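See below for entry.cif, which holds mmCIF, C-alpha atoms (C1' of nucleotides).
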```cif
data_coords
loop_
_atom_site.label_atom_id
_atom_site.label_comp_id
_atom_site.auth_asym_id
_atom_site.auth_seq_id
_atom_site.Cartn_x
_atom_site.Cartn_y
_atom_site.Cartn_z
CA MET A 1 0.00 0.00 0.00
CA VAL A 2 2.85 2.39 0.75
CA ALA A 3 4.55 1.66 -2.55
CA ALA A 4 1.28 1.93 -4.45
CA ALA A 5 0.44 5.23 -2.77
CA ARG A 6 3.76 6.67 -3.86
CA LEU A 7 3.26 5.55 -7.46
CA PHE A 8 -0.36 6.74 -7.60
CA ALA A 9 0.76 10.13 -6.30
CA ASP A 10 3.62 10.41 -8.80
CA ARG A 11 2.00 9.17 -11.98
CA GLY A 12 -1.69 9.08 -11.21
CA TYR A 13 -4.01 6.16 -10.60
CA HIS A 14 -4.94 5.16 -14.14
CA PRO A 15 -1.48 5.51 -15.63
CA THR A 16 -0.03 3.32 -12.87
CA ALA A 17 -0.29 -0.34 -13.82
CA VAL A 18 -0.57 -3.09 -11.25
CA SER A 19 2.60 -4.49 -12.79
CA ASP A 20 4.36 -1.22 -11.97
CA ILE A 21 3.42 -1.65 -8.34
CA VAL A 22 4.55 -5.25 -8.03
CA ASP A 23 7.69 -4.62 -10.10
CA SER A 24 8.69 -1.77 -7.78
CA LEU A 25 8.52 -4.28 -4.94
CA GLY A 26 10.26 -7.06 -6.83
CA VAL A 27 7.36 -9.48 -6.42
CA GLY A 28 5.11 -11.27 -8.85
CA LYS A 29 1.70 -10.09 -9.92
CA GLY A 30 -0.11 -12.98 -8.31
CA VAL A 31 0.89 -11.87 -4.83
CA PHE A 32 -1.01 -8.63 -5.42
CA TYR A 33 -4.22 -10.47 -6.21
CA TRP A 34 -3.64 -12.71 -3.23
CA TYR A 35 -4.05 -9.72 -0.91
CA PHE A 36 -6.30 -7.43 -2.94
CA SER A 37 -9.21 -8.43 -5.13
CA SER A 38 -8.67 -5.55 -7.55
CA LYS A 39 -6.80 -2.34 -8.19
CA GLU A 40 -9.91 -0.45 -7.13
CA GLU A 41 -9.97 -2.19 -3.77
CA LEU A 42 -6.35 -1.23 -3.25
CA LEU A 43 -7.09 2.45 -3.71
CA SER A 44 -10.16 2.28 -1.48
CA GLU A 45 -8.02 0.65 1.18
CA ILE A 46 -5.37 3.36 0.85
CA LEU A 47 -8.00 6.06 1.17
CA ARG A 48 -9.61 4.47 4.20
CA ASP A 49 -6.24 4.03 5.85
CA ALA A 50 -5.09 7.58 5.16
CA HIS A 51 -8.27 8.98 6.60
CA LEU A 52 -7.93 6.90 9.74
CA GLN A 53 -4.33 8.00 10.22
CA LEU A 54 -5.14 11.68 9.76
CA ARG A 55 -8.05 11.50 12.15
CA ARG A 56 -5.94 9.71 14.75
CA SER A 57 -3.34 12.48 14.50
CA GLN A 58 -5.98 15.13 14.95
CA GLN A 59 -7.50 13.44 17.96
CA ALA A 60 -4.11 12.85 19.55
CA ALA A 61 -3.29 16.54 19.10
CA ILE A 62 -6.56 17.64 20.61
CA ALA A 63 -6.43 15.08 23.40
CA ASP A 64 -8.56 16.49 26.18
CA GLU A 65 -8.14 20.17 25.48
CA PRO A 66 -11.22 21.74 27.06
CA ASP A 67 -11.32 24.97 25.01
CA PRO A 68 -13.24 24.37 21.75
CA VAL A 69 -11.52 27.22 19.91
CA ARG A 70 -8.15 25.88 20.93
CA ARG A 71 -9.25 22.43 19.73
CA ILE A 72 -9.96 23.86 16.30
CA GLU A 73 -6.55 25.49 16.24
CA LEU A 74 -4.80 22.30 17.29
CA GLY A 75 -6.79 20.34 14.73
CA ILE A 76 -5.67 22.66 11.94
CA LEU A 77 -2.06 22.40 13.06
CA ALA A 78 -2.21 18.61 13.30
CA SER A 79 -3.76 18.35 9.83
CA LEU A 80 -1.06 20.50 8.26
CA GLU A 81 1.65 18.52 9.99
CA TRP A 82 0.17 15.22 8.91
CA PHE A 83 -0.21 16.28 5.28
CA ARG A 84 3.36 17.51 5.31
CA LEU A 85 4.52 14.08 6.40
CA HIS A 86 2.26 12.26 3.95
CA ARG A 87 2.24 14.44 0.85
CA GLU A 88 1.43 11.48 -1.36
CA PHE A 89 -2.07 11.16 0.04
CA PHE A 90 -2.92 14.66 -0.95
CA SER A 91 -2.97 14.17 -4.72
CA ILE A 92 -4.39 10.67 -4.37
CA THR A 93 -7.31 12.04 -2.41
CA GLN A 94 -7.79 14.82 -4.89
CA PHE A 95 -7.91 12.38 -7.78
CA ALA A 96 -10.24 9.99 -5.99
CA ALA A 97 -12.71 12.81 -5.44
CA THR A 98 -13.09 13.15 -9.22
CA ASP A 99 -13.80 9.47 -9.85
CA GLU A 100 -17.35 8.33 -9.20
CA THR A 101 -16.01 4.96 -8.06
CA PHE A 102 -14.23 6.47 -5.09
CA ALA A 103 -16.13 9.69 -4.52
CA PRO A 104 -18.58 8.06 -2.07
CA VAL A 105 -15.73 6.92 0.22
CA LEU A 106 -14.16 10.35 -0.02
CA ARG A 107 -17.42 12.08 0.73
CA ARG A 108 -17.90 9.96 3.82
CA ASN A 109 -14.36 10.70 4.99
CA ARG A 110 -14.89 14.41 4.55
CA GLU A 111 -18.24 14.19 6.32
CA VAL A 112 -16.49 12.71 9.33
CA ALA A 113 -13.90 15.50 9.29
CA VAL A 114 -16.66 18.08 9.04
CA ASP A 115 -18.61 16.50 11.89
CA ASP A 116 -15.55 16.57 14.12
CA THR A 117 -15.07 20.26 13.42
CA VAL A 118 -18.76 21.04 13.70
CA ARG A 119 -18.75 19.70 17.23
CA HIS A 120 -16.09 22.18 18.31
CA ILE A 121 -17.78 25.03 16.48
CA LYS A 122 -21.14 24.40 18.10
CA GLU A 123 -19.56 24.26 21.50
CA ALA A 124 -17.69 27.50 20.84
CA ILE A 125 -20.90 29.19 19.74
CA VAL A 126 -22.72 28.03 22.87
CA GLU A 127 -19.89 29.39 24.98
CA GLY A 128 -20.14 32.66 23.06
CA ARG A 129 -16.54 32.36 21.91
CA ILE A 130 -17.34 32.82 18.22
CA ALA A 131 -20.17 34.41 16.28
CA ASP A 132 -23.35 32.49 15.62
CA GLY A 133 -23.33 30.88 12.18
CA GLU A 134 -24.03 27.76 10.20
CA PRO A 135 -21.53 25.33 11.78
CA GLU A 136 -21.37 22.95 8.83
CA LEU A 137 -20.61 25.70 6.38
CA LEU A 138 -17.95 27.13 8.64
CA ALA A 139 -16.36 23.72 8.98
CA HIS A 140 -16.20 23.39 5.20
CA ALA A 141 -14.63 26.81 4.93
CA ILE A 142 -11.92 25.75 7.37
CA LEU A 143 -11.28 22.54 5.43
CA GLY A 144 -10.98 24.61 2.28
CA VAL A 145 -8.37 26.89 3.77
CA VAL A 146 -6.37 23.96 5.14
CA ASP A 147 -6.51 22.10 1.82
CA GLN A 148 -5.47 25.03 -0.28
CA LEU A 149 -2.63 26.17 1.98
CA THR A 150 -1.39 22.60 2.26
CA ARG A 151 -1.22 22.23 -1.50
CA ARG A 152 0.48 25.54 -2.10
CA TYR A 153 2.86 25.89 0.80
CA LEU A 154 3.56 22.41 2.08
CA ILE A 155 3.47 20.38 -1.13
CA GLU A 156 4.36 22.63 -4.04
CA ARG A 157 6.76 24.59 -1.86
CA ASP A 158 8.21 23.39 1.39
CA ASP A 159 7.57 26.21 3.83
CA PRO A 160 7.77 25.69 7.60
CA VAL A 161 4.54 24.21 8.93
CA GLU A 162 4.45 26.53 11.93
CA GLN A 163 4.25 29.69 9.85
CA ILE A 164 1.57 28.35 7.55
CA ALA A 165 -0.35 26.94 10.48
CA ALA A 166 -0.22 30.27 12.29
CA ALA A 167 -1.58 32.07 9.24
CA ALA A 168 -4.26 29.44 8.59
CA ILE A 169 -5.38 29.54 12.19
CA ALA A 170 -5.46 33.34 12.28
CA PHE A 171 -7.51 33.48 9.08
CA CYS A 172 -9.97 30.81 10.17
CA ILE A 173 -10.44 31.99 13.71
CA SER A 174 -11.02 35.54 12.51
CA GLY A 175 -13.43 34.15 9.97
CA LEU A 176 -15.29 32.33 12.73
CA THR A 177 -15.15 35.23 15.15
CA GLY A 178 -16.64 37.60 12.58
CA ASP A 179 -20.22 37.44 11.45
CA ALA A 180 -19.81 34.49 9.08
CA GLY A 181 -22.40 31.88 8.09
CA TRP A 182 -26.05 32.29 7.25
CA ARG A 183 -29.17 31.23 9.14
CA MET B 1 -15.25 20.72 -26.31
CA VAL B 2 -18.60 21.14 -24.57
CA ALA B 3 -19.54 17.50 -25.12
CA ALA B 4 -16.08 16.33 -24.03
CA ALA B 5 -16.19 18.49 -20.90
CA ARG B 6 -19.48 16.92 -19.90
CA LEU B 7 -18.16 13.39 -20.42
CA PHE B 8 -14.88 14.09 -18.63
CA ALA B 9 -16.83 15.50 -15.70
CA ASP B 10 -19.20 12.52 -15.56
CA ARG B 11 -16.85 9.60 -16.06
CA GLY B 12 -13.39 11.08 -15.65
CA TYR B 13 -10.69 11.83 -18.18
CA HIS B 14 -9.01 8.45 -18.52
CA PRO B 15 -12.17 6.36 -18.56
CA THR B 16 -13.64 8.53 -21.30
CA ALA B 17 -12.49 7.28 -24.69
CA VAL B 18 -12.13 9.53 -27.69
CA SER B 19 -14.67 7.26 -29.37
CA ASP B 20 -17.15 8.05 -26.57
CA ILE B 21 -16.79 11.73 -27.35
CA VAL B 22 -17.26 11.40 -31.09
CA ASP B 23 -20.05 8.85 -30.70
CA SER B 24 -21.95 11.21 -28.42
CA LEU B 25 -21.82 13.75 -31.24
CA GLY B 26 -22.64 11.24 -33.97
CA VAL B 27 -19.47 11.96 -35.91
CA GLY B 28 -16.51 9.86 -36.94
CA LYS B 29 -13.24 9.63 -35.09
CA GLY B 30 -11.24 11.26 -37.84
CA VAL B 31 -13.06 14.54 -37.38
CA PHE B 32 -11.74 14.68 -33.85
CA TYR B 33 -8.15 14.36 -34.98
CA TRP B 34 -8.79 16.92 -37.71
CA TYR B 35 -9.41 19.57 -35.04
CA PHE B 36 -7.28 18.30 -32.14
CA SER B 37 -3.90 16.67 -32.34
CA SER B 38 -4.52 14.49 -29.29
CA LYS B 39 -6.81 13.83 -26.37
CA GLU B 40 -4.35 15.68 -24.16
CA GLU B 41 -4.56 18.78 -26.30
CA LEU B 42 -8.33 18.68 -26.03
CA LEU B 43 -8.23 18.76 -22.25
CA SER B 44 -5.61 21.51 -22.21
CA GLU B 45 -7.84 23.53 -24.51
CA ILE B 46 -10.85 22.95 -22.26
CA LEU B 47 -8.86 24.05 -19.22
CA ARG B 48 -7.53 27.16 -20.90
CA ASP B 49 -10.99 28.07 -22.12
CA ALA B 50 -12.66 27.54 -18.76
CA HIS B 51 -10.09 29.68 -17.04
CA LEU B 52 -10.56 32.51 -19.54
CA GLN B 53 -14.32 32.39 -19.13
CA LEU B 54 -14.15 32.45 -15.34
CA ARG B 55 -11.70 35.32 -15.34
CA ARG B 56 -13.84 37.29 -17.78
CA SER B 57 -16.84 36.82 -15.47
CA GLN B 58 -14.85 38.03 -12.50
CA GLN B 59 -13.58 41.09 -14.28
CA ALA B 60 -17.00 41.93 -15.64
CA ALA B 61 -18.41 41.70 -12.12
CA ILE B 62 -15.69 43.89 -10.69
CA ALA B 63 -15.82 46.35 -13.58
CA ASP B 64 -14.48 49.60 -12.18
CA GLU B 65 -15.48 49.21 -8.58
CA PRO B 66 -13.06 51.47 -6.73
CA ASP B 67 -13.23 49.83 -3.28
CA PRO B 68 -10.71 46.94 -3.12
CA VAL B 69 -12.60 45.11 -0.37
CA ARG B 70 -15.78 45.32 -2.38
CA ARG B 71 -13.86 44.02 -5.42
CA ILE B 72 -12.86 40.95 -3.45
CA GLU B 73 -16.47 40.41 -2.43
CA LEU B 74 -17.74 40.79 -5.97
CA GLY B 75 -15.01 38.46 -7.23
CA ILE B 76 -16.06 35.76 -4.78
CA LEU B 77 -19.69 36.15 -5.80
CA ALA B 78 -18.87 36.04 -9.51
CA SER B 79 -16.75 32.91 -9.04
CA LEU B 80 -19.49 31.08 -7.20
CA GLU B 81 -22.04 32.07 -9.82
CA TRP B 82 -19.81 30.97 -12.66
CA PHE B 83 -19.03 27.60 -11.07
CA ARG B 84 -22.72 27.06 -10.48
CA LEU B 85 -23.37 27.56 -14.19
CA HIS B 86 -20.43 25.41 -15.24
CA ARG B 87 -20.29 22.60 -12.73
CA GLU B 88 -18.59 20.30 -15.17
CA PHE B 89 -15.37 22.32 -15.09
CA PHE B 90 -15.04 21.85 -11.39
CA SER B 91 -14.24 18.15 -11.36
CA ILE B 92 -12.27 18.42 -14.58
CA THR B 93 -10.04 21.03 -13.02
CA GLN B 94 -9.68 18.98 -9.92
CA PHE B 95 -8.61 15.94 -11.88
CA ALA B 96 -6.21 17.89 -14.06
CA ALA B 97 -4.44 19.18 -10.97
CA THR B 98 -3.51 15.60 -10.08
CA ASP B 99 -2.01 14.75 -13.45
CA GLU B 100 1.53 15.94 -14.05
CA THR B 101 0.67 16.46 -17.72
CA PHE B 102 -1.83 19.18 -16.94
CA ALA B 103 -0.70 20.43 -13.55
CA PRO B 104 1.55 23.12 -15.05
CA VAL B 105 -1.37 24.69 -16.95
CA LEU B 106 -3.51 24.51 -13.84
CA ARG B 107 -0.82 26.02 -11.68
CA ARG B 108 -0.47 28.94 -14.08
CA ASN B 109 -4.25 29.46 -14.11
CA ARG B 110 -4.35 29.49 -10.35
CA GLU B 111 -1.38 31.82 -10.22
CA VAL B 112 -3.31 34.30 -12.34
CA ALA B 113 -6.33 34.04 -10.05
CA VAL B 114 -4.09 34.56 -7.03
CA ASP B 115 -2.39 37.56 -8.61
CA ASP B 116 -5.74 39.18 -9.35
CA THR B 117 -6.77 38.76 -5.73
CA VAL B 118 -3.39 39.80 -4.38
CA ARG B 119 -3.73 43.13 -6.16
CA HIS B 120 -6.96 43.91 -4.33
CA ILE B 121 -5.56 42.72 -1.01
CA LYS B 122 -2.45 44.87 -1.27
CA GLU B 123 -4.53 47.89 -2.11
CA ALA B 124 -6.83 47.20 0.82
CA ILE B 125 -3.85 46.90 3.15
CA VAL B 126 -2.41 50.19 1.93
CA GLU B 127 -5.77 51.83 2.53
CA GLY B 128 -5.79 50.33 6.00
CA ARG B 129 -9.03 48.50 5.24
CA ILE B 130 -7.74 45.10 6.29
CA ALA B 131 -4.96 43.90 8.57
CA ASP B 132 -1.41 43.67 7.32
CA GLY B 133 -0.55 40.13 6.22
CA GLU B 134 1.06 38.05 3.52
CA PRO B 135 -1.19 38.86 0.52
CA GLU B 136 -0.41 35.73 -1.47
CA LEU B 137 -1.24 33.46 1.42
CA LEU B 138 -4.47 35.30 2.08
CA ALA B 139 -5.43 35.00 -1.57
CA HIS B 140 -4.87 31.25 -1.42
CA ALA B 141 -7.00 31.02 1.69
CA ILE B 142 -9.84 32.79 -0.12
CA LEU B 143 -9.53 30.47 -3.12
CA GLY B 144 -9.65 27.53 -0.75
CA VAL B 145 -12.87 28.71 0.86
CA VAL B 146 -14.49 29.39 -2.52
CA ASP B 147 -13.45 25.99 -3.89
CA GLN B 148 -14.67 24.03 -0.92
CA LEU B 149 -17.99 25.81 -0.57
CA THR B 150 -18.57 25.50 -4.31
CA ARG B 151 -18.03 21.76 -4.21
CA ARG B 152 -20.17 21.19 -1.19
CA TYR B 153 -23.06 23.59 -1.61
CA LEU B 154 -23.29 24.36 -5.31
CA ILE B 155 -22.27 21.05 -6.86
CA GLU B 156 -23.07 18.25 -4.42
CA ARG B 157 -26.13 20.11 -3.21
CA ASP B 158 -27.84 22.90 -5.04
CA ASP B 159 -28.17 25.68 -2.48
CA PRO B 160 -28.91 29.27 -3.51
CA VAL B 161 -25.73 31.05 -4.60
CA GLU B 162 -26.57 34.23 -2.70
CA GLN B 163 -26.64 32.54 0.70
CA ILE B 164 -23.40 30.66 0.12
CA ALA B 165 -21.77 33.74 -1.30
CA ALA B 166 -22.83 35.80 1.70
CA ALA B 167 -21.36 33.26 4.07
CA ALA B 168 -18.16 32.86 2.04
CA ILE B 169 -17.69 36.62 1.87
CA ALA B 170 -18.34 37.09 5.56
CA PHE B 171 -15.85 34.36 6.47
CA CYS B 172 -13.14 35.62 4.14
CA ILE B 173 -13.50 39.30 4.91
CA SER B 174 -13.42 38.58 8.64
CA GLY B 175 -10.38 36.40 8.00
CA LEU B 176 -8.71 39.28 6.19
CA THR B 177 -9.79 41.91 8.70
CA GLY B 178 -8.37 39.92 11.55
CA ASP B 179 -4.67 39.50 12.11
CA ALA B 180 -4.13 36.79 9.51
CA GLY B 181 -0.96 36.03 7.58
CA TRP B 182 2.64 36.00 8.73
CA ARG B 183 5.54 38.34 8.04
"C1'" DA C 1 11.07 -39.88 1.23
"C1'" DT C 2 6.44 -38.40 0.37
"C1'" DG C 3 2.52 -35.56 0.63
"C1'" DT C 4 0.27 -31.33 1.71
"C1'" DT C 5 -0.38 -26.62 2.24
"C1'" DC C 6 0.51 -21.77 1.83
"C1'" DG C 7 2.38 -18.43 -0.77
"C1'" DT C 8 4.35 -17.09 -5.02
"C1'" DT C 9 5.43 -16.65 -9.96
"C1'" DG C 10 5.03 -14.41 -14.55
"C1'" DA C 11 3.47 -15.77 -19.13
"C1'" DC C 12 -0.79 -15.32 -21.03
"C1'" DT C 13 -5.58 -13.73 -22.38
"C1'" DG C 14 -9.07 -10.81 -23.69
"C1'" DC C 15 -10.09 -6.35 -24.07
"C1'" DT C 16 -9.84 -1.34 -24.49
"C1'" DC C 17 -8.03 2.65 -26.26
"C1'" DG C 18 -5.33 6.38 -28.73
"C1'" DG C 19 -4.18 7.33 -33.01
"C1'" DT C 20 -3.78 6.28 -38.37
"C1'" DC C 21 -5.17 6.16 -42.99
"C1'" DA C 22 -7.11 4.66 -47.36
"C1'" DA C 23 -11.22 5.58 -49.14
"C1'" DG C 24 -15.46 8.42 -49.80
"C1'" DC C 25 -18.18 12.52 -50.47
"C1'" DG C 26 -20.06 16.92 -51.77
"C1'" DG C 27 -19.25 21.45 -53.34
"C1'" DC C 28 -16.81 24.40 -56.50
"C1'" DC C 29 -13.97 25.91 -60.25
"C1'" DC C 30 -12.51 25.28 -65.05
"C1'" DG D 1 -18.13 16.55 -67.34
"C1'" DG D 2 -13.88 16.20 -64.89
"C1'" DG D 3 -10.62 17.28 -61.55
"C1'" DC D 4 -9.53 19.20 -57.16
"C1'" DC D 5 -9.92 19.93 -52.33
"C1'" DG D 6 -11.69 20.46 -47.68
"C1'" DC D 7 -13.77 17.61 -44.67
"C1'" DT D 8 -15.43 13.19 -43.00
"C1'" DT D 9 -15.62 8.19 -42.20
"C1'" DG D 10 -14.80 4.01 -39.48
"C1'" DA D 11 -12.11 -0.24 -39.92
"C1'" DC D 12 -7.86 -1.14 -38.35
"C1'" DC D 13 -3.29 -1.33 -35.77
"C1'" DG D 14 -0.17 -1.63 -32.06
"C1'" DA D 15 0.34 -0.93 -27.35
"C1'" DG D 16 -0.79 -1.40 -22.78
"C1'" DC D 17 -3.51 -3.08 -19.12
"C1'" DA D 18 -6.41 -5.72 -15.43
"C1'" DG D 19 -6.93 -9.90 -14.09
"C1'" DT D 20 -6.13 -15.39 -14.51
"C1'" DC D 21 -4.01 -19.65 -13.75
"C1'" DA D 22 -1.06 -23.71 -14.31
"C1'" DA D 23 3.04 -24.56 -12.37
"C1'" DC D 24 6.48 -24.04 -8.82
"C1'" DG D 25 8.80 -24.30 -4.30
"C1'" DA D 26 9.80 -24.08 0.55
"C1'" DA D 27 8.39 -25.41 4.96
"C1'" DC D 28 6.50 -28.75 7.64
"C1'" DA D 29 4.09 -32.95 9.01
"C1'" DT D 30 4.01 -37.95 8.63
#
```
Here is a file; write its structure as structure tokens.
Amino acid sequence: MVAAARLFADRGYHPTAVSDIVDSLGVGKGVFYWYFSSKEELLSEILRDAHLQLRRSQQAAIADEPDPVRRIELGILASLEWFRLHREFFSITQFAATDETFAPVLRRNREVAVDDTVRHIKEAIVEGRIADGEPELLAHAILGVVDQLTRRYLIERDDPVEQIAAAAIAFCISGLTGDAGWR
Amino acid sequence: MVAAARLFADRGYHPTAVSDIVDSLGVGKGVFYWYFSSKEELLSEILRDAHLQLRRSQQAAIADEPDPVRRIELGILASLEWFRLHREFFSITQFAATDETFAPVLRRNREVAVDDTVRHIKEAIVEGRIADGEPELLAHAILGVVDQLTRRYLIERDDPVEQIAAAAIAFCISGLTGDAGWR
DNA sequence: ATGTTCGTTGACTGCTCGGTCAAGCGGCCC
DNA sequence: GGGCCGCTTGACCGAGCAGTCAACGAACAT
């Protein structure tokens, strides 16, 4: 799965042949079909796994931080750090979102990420820490900022995570604090 | 190009055969290669064209609005409206960004979009309308919000543009007004 | 030594697809 | 009418790919 993820990220899913994957590992093709029933299943597995890893990182970073706003900040930081360490998953995920075969898995993954964030946002609104707004929409906005800054500054370039994280957090928290969201 | 864009959006670039495109138009395959030298060139052409159209919409919306902050708001609104009318380009663009063959074109397109936004941001900073920050990073953050909200609320669902635009604008302007960006 | 099982191999198959090209066709000029 | 030319056709080719399978072998039990 690690080798396949690297190849998918470099050359794309369709252009990467199963024989490329097994050749890069020096094994025969049969061993691939011993463990996976198809190339599609492999990618689904990679996507599921990546999502689990990212979520685990986020939850570990948040731990039992009581402040919901701080949890959002820590979640953003953890996401950026994880993507930095696992660049390959970024373009794989982006491709998968465009393929109807994988889009459902991706949508579910993103829904989970949104739900996690929504929980913090709702709590922060109740506590009066941020302006009242549509939590789901705000969560999507945050994901959008994180995605875009990851692509530009952590993947295409290689800027220090801390700086990007600080900027992303400042932008998002200001966006939340202001009068964002509709009702 | 219109027919191809629709097919690429529905089934993806690689799974769509040139014969699918010509069949859907009821013409022979040769006519395709009379106008395009390859399938790759077709997609590049579609991407270039989409980018030009979007940019034209944005500039028409902005016209000669003197207030830079208002220009940003109008740009966001115009982008959302354009994507709503041309959903198919959204997933095509997203796919193209993952393929090294097309990524350079996409990166240039995005660079242009960022530059446009950066100009307004710089002006707004000079006028003291928004907080001092790294303009390029802020522009990327705005693009990220627009992209994500487009995907979720205009493409997957079909919510009214005005509401989404209002929320996107509120989030982004608050993000800019706050102390976002690093130096 | 023989048999059995788990894991592995890689040539092979059937199919799809991008791209080619010889042939056809209709309009237009001489 | 005859010849030319811009445009079109779709059968065809070669390449590449996902997935199969008969054969192999190493470890282990008997």
Subject >> Neighbours of chain D in chain A at 12 Å, counting all atoms listed in the file, as a ChimeraX atom specification >> reply: /A:14-20,29-30,32-34,36-40
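All residues of protein, DNA or RNA that reach within 9 Å of Leu80 in chain A, judged by all atoms listed in the file and not counting those fewer than 6 positions away in the chain, are Val146, Asp147, Leu149, Thr150, Leu154, Val161, Glu162, Ile164 and Ala165 of chain A.
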If you take all atoms listed in the file and a cut-off of 8 Å, which residues of chain C touch chain A, and what are their nearest atom pairs and distances in Å to one decimal, in chain and number order, as CSV?
```
residue,atom,partner,partner_atom,distance
C:DG7,C1',A:Val31,CA,7.9
C:DT8,C1',A:Val31,CA,6.3
C:DT9,C1',A:Gly28,CA,5.5
C:DG10,C1',A:Gly28,CA,6.5
```
**OP:** Pick out the chain A residues within 8 Å of chain B. Count only C-alpha atoms. Give them as a PyMOL selection string.
**Re:** chain A and resi 9-12+14+91-92+94-95+98-100+137-138+140-149+152+163-164+166-182
Restrict the selected residues to C-alpha atoms and save them as a PDB file, in the frame of the given file.
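What ended up in part_16.pdb:
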```pdb
ATOM      1  CA  ALA A   9       0.760  10.130  -6.300  1.00  0.00           C
ATOM      2  CA  ASP A  10       3.620  10.410  -8.800  1.00  0.00           C
ATOM      3  CA  ARG A  11       2.000   9.170 -11.980  1.00  0.00           C
ATOM      4  CA  GLY A  12      -1.690   9.080 -11.210  1.00  0.00           C
ATOM      5  CA  HIS A  14      -4.940   5.160 -14.140  1.00  0.00           C
ATOM      6  CA  SER A  91      -2.970  14.170  -4.720  1.00  0.00           C
ATOM      7  CA  ILE A  92      -4.390  10.670  -4.370  1.00  0.00           C
ATOM      8  CA  GLN A  94      -7.790  14.820  -4.890  1.00  0.00           C
ATOM      9  CA  PHE A  95      -7.910  12.380  -7.780  1.00  0.00           C
ATOM     10  CA  THR A  98     -13.090  13.150  -9.220  1.00  0.00           C
ATOM     11  CA  ASP A  99     -13.800   9.470  -9.850  1.00  0.00           C
ATOM     12  CA  GLU A 100     -17.350   8.330  -9.200  1.00  0.00           C
ATOM     13  CA  LEU A 137     -20.610  25.700   6.380  1.00  0.00           C
ATOM     14  CA  LEU A 138     -17.950  27.130   8.640  1.00  0.00           C
ATOM     15  CA  HIS A 140     -16.200  23.390   5.200  1.00  0.00           C
ATOM     16  CA  ALA A 141     -14.630  26.810   4.930  1.00  0.00           C
ATOM     17  CA  ILE A 142     -11.920  25.750   7.370  1.00  0.00           C
ATOM     18  CA  LEU A 143     -11.280  22.540   5.430  1.00  0.00           C
ATOM     19  CA  GLY A 144     -10.980  24.610   2.280  1.00  0.00           C
ATOM     20  CA  VAL A 145      -8.370  26.890   3.770  1.00  0.00           C
ATOM     21  CA  VAL A 146      -6.370  23.960   5.140  1.00  0.00           C
ATOM     22  CA  ASP A 147      -6.510  22.100   1.820  1.00  0.00           C
ATOM     23  CA  GLN A 148      -5.470  25.030  -0.280  1.00  0.00           C
ATOM     24  CA  LEU A 149      -2.630  26.170   1.980  1.00  0.00           C
ATOM     25  CA  ARG A 152       0.480  25.540  -2.100  1.00  0.00           C
ATOM     26  CA  GLN A 163       4.250  29.690   9.850  1.00  0.00           C
ATOM     27  CA  ILE A 164       1.570  28.350   7.550  1.00  0.00           C
ATOM     28  CA  ALA A 166      -0.220  30.270  12.290  1.00  0.00           C
ATOM     29  CA  ALA A 167      -1.580  32.070   9.240  1.00  0.00           C
ATOM     30  CA  ALA A 168      -4.260  29.440   8.590  1.00  0.00           C
ATOM     31  CA  ILE A 169      -5.380  29.540  12.190  1.00  0.00           C
ATOM     32  CA  ALA A 170      -5.460  33.340  12.280  1.00  0.00           C
ATOM     33  CA  PHE A 171      -7.510  33.480   9.080  1.00  0.00           C
ATOM     34  CA  CYS A 172      -9.970  30.810  10.170  1.00  0.00           C
ATOM     35  CA  ILE A 173     -10.440  31.990  13.710  1.00  0.00           C
ATOM     36  CA  SER A 174     -11.020  35.540  12.510  1.00  0.00           C
ATOM     37  CA  GLY A 175     -13.430  34.150   9.970  1.00  0.00           C
ATOM     38  CA  LEU A 176     -15.290  32.330  12.730  1.00  0.00           C
ATOM     39  CA  THR A 177     -15.150  35.230  15.150  1.00  0.00           C
ATOM     40  CA  GLY A 178     -16.640  37.600  12.580  1.00  0.00           C
ATOM     41  CA  ASP A 179     -20.220  37.440  11.450  1.00  0.00           C
ATOM     42  CA  ALA A 180     -19.810  34.490   9.080  1.00  0.00           C
ATOM     43  CA  GLY A 181     -22.400  31.880   8.090  1.00  0.00           C
ATOM     44  CA  TRP A 182     -26.050  32.290   7.250  1.00  0.00           C
TER      45      TRP A 182
END
```
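Interatomic distance, CA of Arg48 in chain B to CA of Ala5 in chain B: 12.3 Å.
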**OP:** Using the chain letters and numbering of this document, enumerate as a PyMOL selection string the residues selected by the PyMOL selection byres ((chain B and resi 117) around 10).
**Re:** chain B and resi 68+71-72+75-76+111-116+118-122+135-136+138-140+142-143
Give me a file of those residues, with C-alpha atoms, as a compact mmCIF listing (two decimals), keeping the file's coordinate frame.
```txt
# COMPACT_ATOMS: atom_id res chain seq x y z
CA PRO B 68 -10.71 46.94 -3.12
CA ARG B 71 -13.86 44.02 -5.42
CA ILE B 72 -12.86 40.95 -3.45
CA GLY B 75 -15.01 38.46 -7.23
CA ILE B 76 -16.06 35.76 -4.78
CA GLU B 111 -1.38 31.82 -10.22
CA VAL B 112 -3.31 34.30 -12.34
CA ALA B 113 -6.33 34.04 -10.05
CA VAL B 114 -4.09 34.56 -7.03
CA ASP B 115 -2.39 37.56 -8.61
CA ASP B 116 -5.74 39.18 -9.35
CA VAL B 118 -3.39 39.80 -4.38
CA ARG B 119 -3.73 43.13 -6.16
CA HIS B 120 -6.96 43.91 -4.33
CA ILE B 121 -5.56 42.72 -1.01
CA LYS B 122 -2.45 44.87 -1.27
CA PRO B 135 -1.19 38.86 0.52
CA GLU B 136 -0.41 35.73 -1.47
CA LEU B 138 -4.47 35.30 2.08
CA ALA B 139 -5.43 35.00 -1.57
CA HIS B 140 -4.87 31.25 -1.42
CA ILE B 142 -9.84 32.79 -0.12
CA LEU B 143 -9.53 30.47 -3.12
```
